[in-house]
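**Student:** Structure below; questions to follow.
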Amino acid sequence: MSKTPSWPDGLRFAFGTLTALPVRVTRWDREAARRGMLSAPSAGLVVGACAAAVGVLLLFLGAGALLAAVATAAVPAALTRGLHLDGLADTADGLGSGKPAEDALRIMKQSDIGPFGVLALVFVLLAQVAALAQLYGSSWARGALAAVVSATAARLALTLAARTGVPAARPEGLGAAVAGVVPVGGAVVAGLAVTAAAAAGGAFLGAQDAVRAALAVLMAAGAAELLLRHCTRRFGGVTGDVFGGLAETAATTALVVFCLG
């Protein structure tokens, strides 16, 4: 009998499946997936910190806010090999096709990107860069905070989407491996923890930024939840592509919220 996976196994699962960092997944079973998806925000924290570091470094080297914003948006794409962006595009093509679930899932598995996918990628990346440029223009610290919080909120959306009761649309793939593995209570605790951590980080910049950071996480989770429910109705469950779409939706929403008020 194999031993019960440890939390390090879960962290390796999270970093090995959700990032392109050289982390080897040591366990590939439901229990490891549960711990891994509960650890997903930790992977987002690392990705966001790397993105913020690159953006701030460029600012301190004399680059403008726009160039720093482009670099900050590019780092998460590089650290996931574009996996989440690809998932966003495929999900948009599936939803935009208007086809029944089986046909829509087939469209999502195709290697090419259709018009809905292209439009989704263009508008999401433009929104991310525009938001980051605005934030870096006001304060390098605020831009860095937004980069970290948005990446963490993006992976929190995956934790919430992997909760019990959300089915897989296919019997194979990453979606099937992680669908329903996270207890609802664990998902709630993860959401509260990320929200509290975001507020604590924002508090270093002031009370208004603390509130804005917490709202960014909550609104990101809400936007991802709306997309999750729509995809579940349309496709009959989640897929790896849907998880990618949820992550990019949450990240973009969080960045937009940081720009408001």
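By convention here, the chains of the structure tokens are called A, B, ... in the order presented, each chain's residues are numbered starting at 1, and ligands are numbered starting at 1 in the order presented.
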Neighbouring residues of stretch 40-56 of chain A were defined as those with any atom within 7 Å, considering only C-alpha atoms; residues of the same chain fewer than 5 positions away were excluded. Please report them as a VMD selection string.

**Tutor:** chain A and resid 14 to 15 68 to 69 71 to 72 75 to 76 79 140 144 147 to 148 151 to 156 159

**Student:** Just the selected residues (all heavy atoms), exported as a CSV table (one decimal), in the first residue's frame, please.

**Tutor:**
```csv
chain,number,residue,atom,x,y,z
A,14,ALA,N,1.2,21.0,-7.4
A,14,ALA,CA,0.8,22.3,-7.8
A,14,ALA,C,1.8,23.0,-8.7
A,14,ALA,O,1.4,23.5,-9.8
A,14,ALA,CB,0.5,23.2,-6.6
A,15,PHE,N,3.0,23.0,-8.3
A,15,PHE,CA,4.1,23.7,-9.1
A,15,PHE,C,4.4,22.9,-10.4
A,15,PHE,O,4.6,23.5,-11.5
A,15,PHE,CB,5.3,23.9,-8.3
A,15,PHE,CG,5.3,25.0,-7.4
A,15,PHE,CD1,4.8,24.9,-6.1
A,15,PHE,CD2,5.7,26.3,-7.8
A,15,PHE,CE1,4.7,26.0,-5.2
A,15,PHE,CE2,5.6,27.4,-6.9
A,15,PHE,CZ,5.1,27.2,-5.6
A,68,ALA,N,7.3,48.1,-18.6
A,68,ALA,CA,7.2,47.3,-17.3
A,68,ALA,C,6.0,46.4,-17.3
A,68,ALA,O,6.0,45.3,-16.8
A,68,ALA,CB,7.4,48.2,-16.1
A,69,ALA,N,4.9,47.0,-17.7
A,69,ALA,CA,3.6,46.3,-17.7
A,69,ALA,C,3.6,45.1,-18.7
A,69,ALA,O,3.1,44.0,-18.4
A,69,ALA,CB,2.4,47.3,-18.1
A,71,ALA,N,6.2,43.5,-19.7
A,71,ALA,CA,7.1,42.4,-19.1
A,71,ALA,C,6.4,41.7,-18.0
A,71,ALA,O,6.5,40.4,-17.9
A,71,ALA,CB,8.4,43.0,-18.6
A,72,THR,N,5.7,42.4,-17.2
A,72,THR,CA,5.0,41.8,-16.0
A,72,THR,C,3.9,40.8,-16.5
A,72,THR,O,3.7,39.7,-16.0
A,72,THR,CB,4.4,42.9,-15.1
A,72,THR,OG1,5.4,43.7,-14.6
A,72,THR,CG2,3.6,42.2,-14.0
A,75,VAL,N,5.6,37.5,-18.0
A,75,VAL,CA,6.3,36.5,-17.1
A,75,VAL,C,5.3,35.4,-16.8
A,75,VAL,O,5.7,34.2,-16.9
A,75,VAL,CB,6.8,37.2,-15.8
A,75,VAL,CG1,7.2,36.2,-14.8
A,75,VAL,CG2,8.0,38.1,-16.2
A,76,PRO,N,4.1,35.6,-16.3
A,76,PRO,CA,3.2,34.5,-16.0
A,76,PRO,C,3.0,33.6,-17.3
A,76,PRO,O,2.8,32.4,-17.1
A,76,PRO,CB,1.9,35.2,-15.6
A,76,PRO,CG,2.3,36.5,-15.1
A,76,PRO,CD,3.4,36.9,-16.0
A,79,LEU,N,6.0,31.5,-17.5
A,79,LEU,CA,6.2,30.5,-16.5
A,79,LEU,C,5.1,29.4,-16.5
A,79,LEU,O,5.1,28.5,-15.7
A,79,LEU,CB,6.2,31.2,-15.1
A,79,LEU,CG,7.4,32.1,-14.8
A,79,LEU,CD1,7.3,32.7,-13.4
A,79,LEU,CD2,8.7,31.2,-14.9
A,140,TRP,N,5.2,52.2,-8.2
A,140,TRP,CA,5.8,50.9,-8.5
A,140,TRP,C,5.4,49.9,-7.5
A,140,TRP,O,5.2,48.7,-7.9
A,140,TRP,CB,7.3,51.0,-8.5
A,140,TRP,CG,8.0,51.3,-7.2
A,140,TRP,CD1,8.4,52.4,-6.6
A,140,TRP,CD2,8.3,50.3,-6.2
A,140,TRP,NE1,8.9,52.3,-5.4
A,140,TRP,CE2,8.9,50.9,-5.1
A,140,TRP,CE3,8.1,48.9,-6.1
A,140,TRP,CZ2,9.3,50.3,-3.9
A,140,TRP,CZ3,8.6,48.2,-5.0
A,140,TRP,CH2,9.1,48.9,-3.9
A,144,ALA,N,3.4,46.4,-8.3
A,144,ALA,CA,4.0,45.1,-7.9
A,144,ALA,C,3.0,44.3,-7.1
A,144,ALA,O,2.8,43.1,-7.2
A,144,ALA,CB,5.2,45.3,-7.1
A,147,ALA,N,0.4,42.8,-9.3
A,147,ALA,CA,0.9,41.7,-10.0
A,147,ALA,C,0.9,40.4,-9.2
A,147,ALA,O,0.5,39.3,-9.6
A,147,ALA,CB,2.3,42.0,-10.5
A,148,VAL,N,1.3,40.5,-7.9
A,148,VAL,CA,1.3,39.4,-7.0
A,148,VAL,C,-0.1,38.9,-6.7
A,148,VAL,O,-0.4,37.7,-6.7
A,148,VAL,CB,2.1,39.8,-5.7
A,148,VAL,CG1,2.0,38.6,-4.7
A,148,VAL,CG2,3.6,40.0,-6.1
A,151,ALA,N,-1.9,37.2,-9.7
A,151,ALA,CA,-1.5,35.9,-10.0
A,151,ALA,C,-1.9,34.9,-9.0
A,151,ALA,O,-2.3,33.7,-9.3
A,151,ALA,CB,0.1,35.8,-10.1
A,152,THR,N,-1.9,35.3,-7.7
A,152,THR,CA,-2.4,34.4,-6.6
A,152,THR,C,-3.9,34.2,-6.7
A,152,THR,O,-4.4,33.1,-6.6
A,152,THR,CB,-2.1,35.1,-5.3
A,152,THR,OG1,-0.7,35.4,-5.2
A,152,THR,CG2,-2.4,34.1,-4.1
A,153,ALA,N,-4.6,35.3,-7.0
A,153,ALA,CA,-6.1,35.1,-7.2
A,153,ALA,C,-6.4,34.2,-8.4
A,153,ALA,O,-7.4,33.5,-8.3
A,153,ALA,CB,-6.7,36.5,-7.4
A,154,ALA,N,-5.6,34.2,-9.4
A,154,ALA,CA,-5.8,33.4,-10.6
A,154,ALA,C,-5.8,31.9,-10.2
A,154,ALA,O,-6.6,31.1,-10.6
A,154,ALA,CB,-4.8,33.7,-11.7
A,155,ARG,N,-4.8,31.6,-9.3
A,155,ARG,CA,-4.6,30.2,-8.9
A,155,ARG,C,-5.7,29.8,-7.8
A,155,ARG,O,-6.1,28.7,-7.7
A,155,ARG,CB,-3.2,29.9,-8.4
A,155,ARG,CG,-2.2,29.6,-9.5
A,155,ARG,CD,-2.0,30.8,-10.4
A,155,ARG,NE,-1.1,30.6,-11.5
A,155,ARG,CZ,-0.8,31.5,-12.4
A,155,ARG,NH1,-1.3,32.7,-12.2
A,155,ARG,NH2,0.0,31.2,-13.4
A,156,LEU,N,-6.1,30.8,-7.0
A,156,LEU,CA,-7.2,30.5,-6.1
A,156,LEU,C,-8.4,30.1,-6.9
A,156,LEU,O,-9.2,29.3,-6.4
A,156,LEU,CB,-7.5,31.8,-5.3
A,156,LEU,CG,-8.7,31.7,-4.4
A,156,LEU,CD1,-8.6,30.6,-3.3
A,156,LEU,CD2,-9.0,33.1,-3.8
A,159,THR,N,-8.4,26.5,-7.3
A,159,THR,CA,-8.7,25.8,-6.1
A,159,THR,C,-10.2,25.8,-5.9
A,159,THR,O,-10.8,24.7,-5.6
A,159,THR,CB,-8.1,26.5,-4.9
A,159,THR,OG1,-6.7,26.6,-5.0
A,159,THR,CG2,-8.5,25.8,-3.6
```

**Student:** From stretch 54-90 of chain A, collect each residue whose DSSP state is alpha helix (DSSP H) and return the set as a PyMOL selection string.

**Tutor:** chain A and resi 54-60+65-79+83-90

**Student:** Please determine, counting only C-alpha atoms, which residue among A:Val242, A:Ala250, A:Leu119, A:Cys231 has the shortest atom-to-atom distance to A:Ala216.

**Tutor:**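 That would be A:Ala250, the residue with the smallest distance to A:Ala216.
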
**Student:** Would you mind listing what lies within 6 Å of A:Arg163 as number ranges by chain, with only C-alpha atoms counted and same-chain residues fewer than 3 positions away left out?

**Tutor:** A: 160, 180-184

**Student:** Kindly export the residues of the current selection with all heavy atoms, as an mmCIF file, in the first residue's frame.

**Tutor:**
```cif
data_model
loop_
_atom_site.group_PDB
_atom_site.id
_atom_site.type_symbol
_atom_site.label_atom_id
_atom_site.label_comp_id
_atom_site.auth_asym_id
_atom_site.auth_seq_id
_atom_site.Cartn_x
_atom_site.Cartn_y
_atom_site.Cartn_z
ATOM 1 N N LEU A 160 -10.907 26.880 -6.120
ATOM 2 C CA LEU A 160 -12.355 26.943 -5.961
ATOM 3 C C LEU A 160 -13.070 26.113 -7.020
ATOM 4 O O LEU A 160 -14.092 25.480 -6.745
ATOM 5 C CB LEU A 160 -12.817 28.396 -6.029
ATOM 6 C CG LEU A 160 -12.223 29.338 -4.974
ATOM 7 C CD1 LEU A 160 -12.702 30.769 -5.192
ATOM 8 C CD2 LEU A 160 -12.585 28.865 -3.569
ATOM 9 N N GLY A 180 -13.412 18.085 -8.478
ATOM 10 C CA GLY A 180 -14.070 17.604 -7.269
ATOM 11 C C GLY A 180 -13.161 17.128 -6.162
ATOM 12 O O GLY A 180 -13.630 16.509 -5.204
ATOM 13 N N VAL A 181 -11.864 17.426 -6.232
ATOM 14 C CA VAL A 181 -10.943 16.886 -5.222
ATOM 15 C C VAL A 181 -10.866 17.754 -3.967
ATOM 16 O O VAL A 181 -10.452 17.272 -2.909
ATOM 17 C CB VAL A 181 -9.516 16.706 -5.800
ATOM 18 C CG1 VAL A 181 -9.515 15.704 -6.934
ATOM 19 C CG2 VAL A 181 -8.920 18.042 -6.240
ATOM 20 N N VAL A 182 -11.261 19.009 -4.051
ATOM 21 C CA VAL A 182 -11.118 19.927 -2.920
ATOM 22 C C VAL A 182 -12.426 19.995 -2.137
ATOM 23 O O VAL A 182 -13.467 20.345 -2.701
ATOM 24 C CB VAL A 182 -10.732 21.342 -3.405
ATOM 25 C CG1 VAL A 182 -10.680 22.317 -2.228
ATOM 26 C CG2 VAL A 182 -9.388 21.310 -4.125
ATOM 27 N N PRO A 183 -12.409 19.676 -0.856
ATOM 28 C CA PRO A 183 -13.628 19.822 -0.048
ATOM 29 C C PRO A 183 -14.091 21.277 -0.041
ATOM 30 O O PRO A 183 -13.268 22.201 -0.088
ATOM 31 C CB PRO A 183 -13.190 19.384 1.350
ATOM 32 C CG PRO A 183 -11.950 18.577 1.134
ATOM 33 C CD PRO A 183 -11.278 19.157 -0.066
ATOM 34 N N VAL A 184 -15.386 21.474 0.003
ATOM 35 C CA VAL A 184 -15.922 22.838 -0.021
ATOM 36 C C VAL A 184 -15.359 23.660 1.126
ATOM 37 O O VAL A 184 -14.987 24.831 0.953
ATOM 38 C CB VAL A 184 -17.464 22.810 0.037
ATOM 39 C CG1 VAL A 184 -18.017 24.225 0.176
ATOM 40 C CG2 VAL A 184 -18.028 22.146 -1.219
#
```

**Student:** Report, in Å to a single decimal, how far apart atom CA of A:Pro167 and atom CA of A:Met37 are.

**Tutor:**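 Value for the atom CA of A:Met37-atom CA of A:Pro167 distance: 15.1 Å.
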
**Student:** Please compute the atom CA of A:Glu172-atom CA of A:Ala224 distance, one decimal, in Å.

**Tutor:**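 So the answer is 22.6 Å.
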
**Student:** Nearest residue to A:Ala74 out of A:Leu126, A:Val25, A:Leu226, A:Val178, using only C-alpha atoms?

**Tutor:**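 Answer, going by the shortest atom-to-atom distance: A:Leu126.
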
**Student:** Between A:Val149, A:Leu158, A:Ala179, A:Ala65, single out the one closest to A:Leu18, counting only C-alpha atoms.

**Tutor:**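 For A:Leu18, the nearest of the candidates is A:Leu158.
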